[in-house]
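Asks: Dropping the structure in here first, questions after.
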There are 2 protein chains.
Amino acid sequence: MAGKREKKSYVTTEEKIKAAARKVFMQKGYGASRTRDIAEEAGINLALLNYYFRSKEKLFHEIMMERVQHLFGAVAPIINDPSLSLESKMEKLASAYIDMLLENPDLPMFVLNELRKQPDLFKSQMNIEQLLKNSSFIKQLREKRSDVEPAQYLMNIMGLMLFPFLAKPVLLATGLAGEKNFGTLMNQRRQLIPKWIKAILQTK
Amino acid sequence: MAGKREKKSYVTTEEKIKAAARKVFMQKGYGASRTRDIAEEAGINLALLNYYFRSKEKLFHEIMMERVQHLFGAVAPIINDPSLSLESKMEKLASAYIDMLLENPDLPMFVLNELRKQPDLFKSQMNIEQLLKNSSFIKQLREKRSDVEPAQYLMNIMGLMLFPFLAKPVLLATGLAGEKNFGTLMNQRRQLIPKWIKAILQTK
DNA sequence: TTTTGATTTAATCAAATGATTAAAACAAAA
DNA sequence: TTTTGTTTTAATCATTTGATTAAATCAAAA
């Protein structure tokens, strides 16, 4: 994108813009974000933003793809590794996810919300459909519980990890968690969630 | 608000505007909603919208309060009823919630997302803080598991119910659920979630 | 040093947007 | 029928917003 001259600074202008866009888009969502705010946040001129990225929409699209990847990227390798038992898969998932989410607390809300408004943004990404249905994870779930749809357990695992971050503002507002406390609670969940899921898989 | 003359139609203009606002705000969020879109959706003139509600913000505030109430209103009575056992509380919660959510699938995403952008909108609502901490539900949880914070279980219950609706676009896009299938899965969860929670409460 | 092409800026546009105003339409009361 | 106060509309404003243009700056290559 844009010219190919040498970069003078270690932080290219393009990366400055993307960082600013990431921040503003994540904070306000696509519709409520103003290109001027992004430019100001990046410390550059508005025209420059349109010079690097042709439009607000194109810029958003790049950020969105990147964010989706960041949110779901860790899942595929774990879910598809046939050398891992069902239990170790869940331990790895919980651990990797909680770490990442503690550093990107409002990533899930951003991605899920924008995805709701423009569902097409996901389909292009890849064909997760096949990747999922043939995954070793789904097979292991079917073996263990042929009576319940694997999708149910997938929702449970993801929900137990993601929901606290989606509901964070409510947790804080209701005093169920303080800002400091929240981190502690999440760290506890790192070990708790795998145990809970095991228990869930053995019900009845 | 506005004049006090007789209402001619069974659907007042005010209610038409609120219905339209509800629809548009829920679909696009506050920042991306245009007052003109709301007016058009309501089949009225833009000026009329400002005549009934003084501003976009005031209109939004009314809708938002109403939606928060709708999302969390059912919880308090159940959680606070000392005559219900922990188990029946969870059965009631799951049942009431899943019904409501199937009729308002994107209510949770709307409320949680707007709440994230303007956390103050919640504090005014009431003092859930006291209401929760003194609730019979929290006491029962402490009795059963003094080793784990009650907040953890609250997150679990709410998460198991709400998460599938928050992630619905992803579920549809990945083929994990079809639009028809989704309803079936949720209805299954009505019975499954209480069982799962019981299992979770007995771990270790 | 001069030239060349990338980078950046100030100024400006057209469209969109929240809001107001002044007047018209209307329905009930007198 | 006339009057009164509410409801609704068309027209208009001032800002905001995404985008473009033409010119200035700058750093490397010749």
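Lettering and numbering for the structure tokens are positional, with chains as A, B, ... in the shown order, residues counted from 1 in each chain, and ligands counted from 1 in the shown order.
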Need the shell around A:Gln191: protein/DNA/RNA residues with any atom at most 9 Å away, counting only C-alpha atoms (C1' of nucleotides). Skip same-chain ones fewer than 5 positions apart. Format as a PyMOL selection string?

Replies: chain A and resi 91+94-95

Asks: Take the selection from the previous step and output its residues with N, CA, C and O atoms, as a PDB file, in the first residue's frame.

Replies:
```pdb
ATOM      1  N   GLU A  91      -7.411 -27.759  28.609  1.00  0.00           N
ATOM      2  CA  GLU A  91      -6.471 -27.019  29.455  1.00  0.00           C
ATOM      3  C   GLU A  91      -5.705 -25.998  28.628  1.00  0.00           C
ATOM      4  O   GLU A  91      -5.535 -24.852  29.026  1.00  0.00           O
ATOM      5  N   ALA A  94      -8.075 -23.062  27.564  1.00  0.00           N
ATOM      6  CA  ALA A  94      -8.367 -22.142  28.662  1.00  0.00           C
ATOM      7  C   ALA A  94      -7.167 -21.268  28.970  1.00  0.00           C
ATOM      8  O   ALA A  94      -7.279 -20.049  29.107  1.00  0.00           O
ATOM      9  N   SER A  95      -6.024 -21.911  29.048  1.00  0.00           N
ATOM     10  CA  SER A  95      -4.822 -21.165  29.409  1.00  0.00           C
ATOM     11  C   SER A  95      -4.465 -20.105  28.361  1.00  0.00           C
ATOM     12  O   SER A  95      -4.273 -18.933  28.672  1.00  0.00           O
TER      13      SER A  95
END
```

Asks: List the spatial neighbours of B:Ala173 as JSON, numbers by chain - criterion: any atom at most 12 Å away, only C-alpha atoms (C1' of nucleotides), same-chain residues fewer than 3 positions off excluded.

Replies: {"A": [112, 115, 116, 118, 119, 120, 121, 122, 123, 124, 125, 126, 127, 128, 129, 130, 132], "B": [167, 168, 169, 170, 176, 177, 178, 179]}

Asks: Can you check which residues of chain D have any atom within 8 Å of chain A? Use only C-alpha atoms (C1' of nucleotides) and format it as a ChimeraX atom specification.

Replies: /D:17-19

Asks: When the cut-off is 9 Å and we count only C-alpha atoms (C1' of nucleotides), which residues of chain C are near chain B, given as a PyMOL selection string?

Replies: chain C and resi 17-20+27-28

Asks: Which residues are near A:Leu160? Cut-off 10 Å, only C-alpha atoms (C1' of nucleotides), ignore same chain within fewer than 3 positions. Put them as a PyMOL selection string.

Replies: (chain A and resi 94+154-157+163-165+189+192-194+196-197) or (chain B and resi 152+155-160+163)

Asks: Out of B:Lys58, B:Lys144, B:Lys89, B:Lys28, which residue has the shortest atom-to-atom distance to chain A when counting only C-alpha atoms?

Replies: B:Lys28
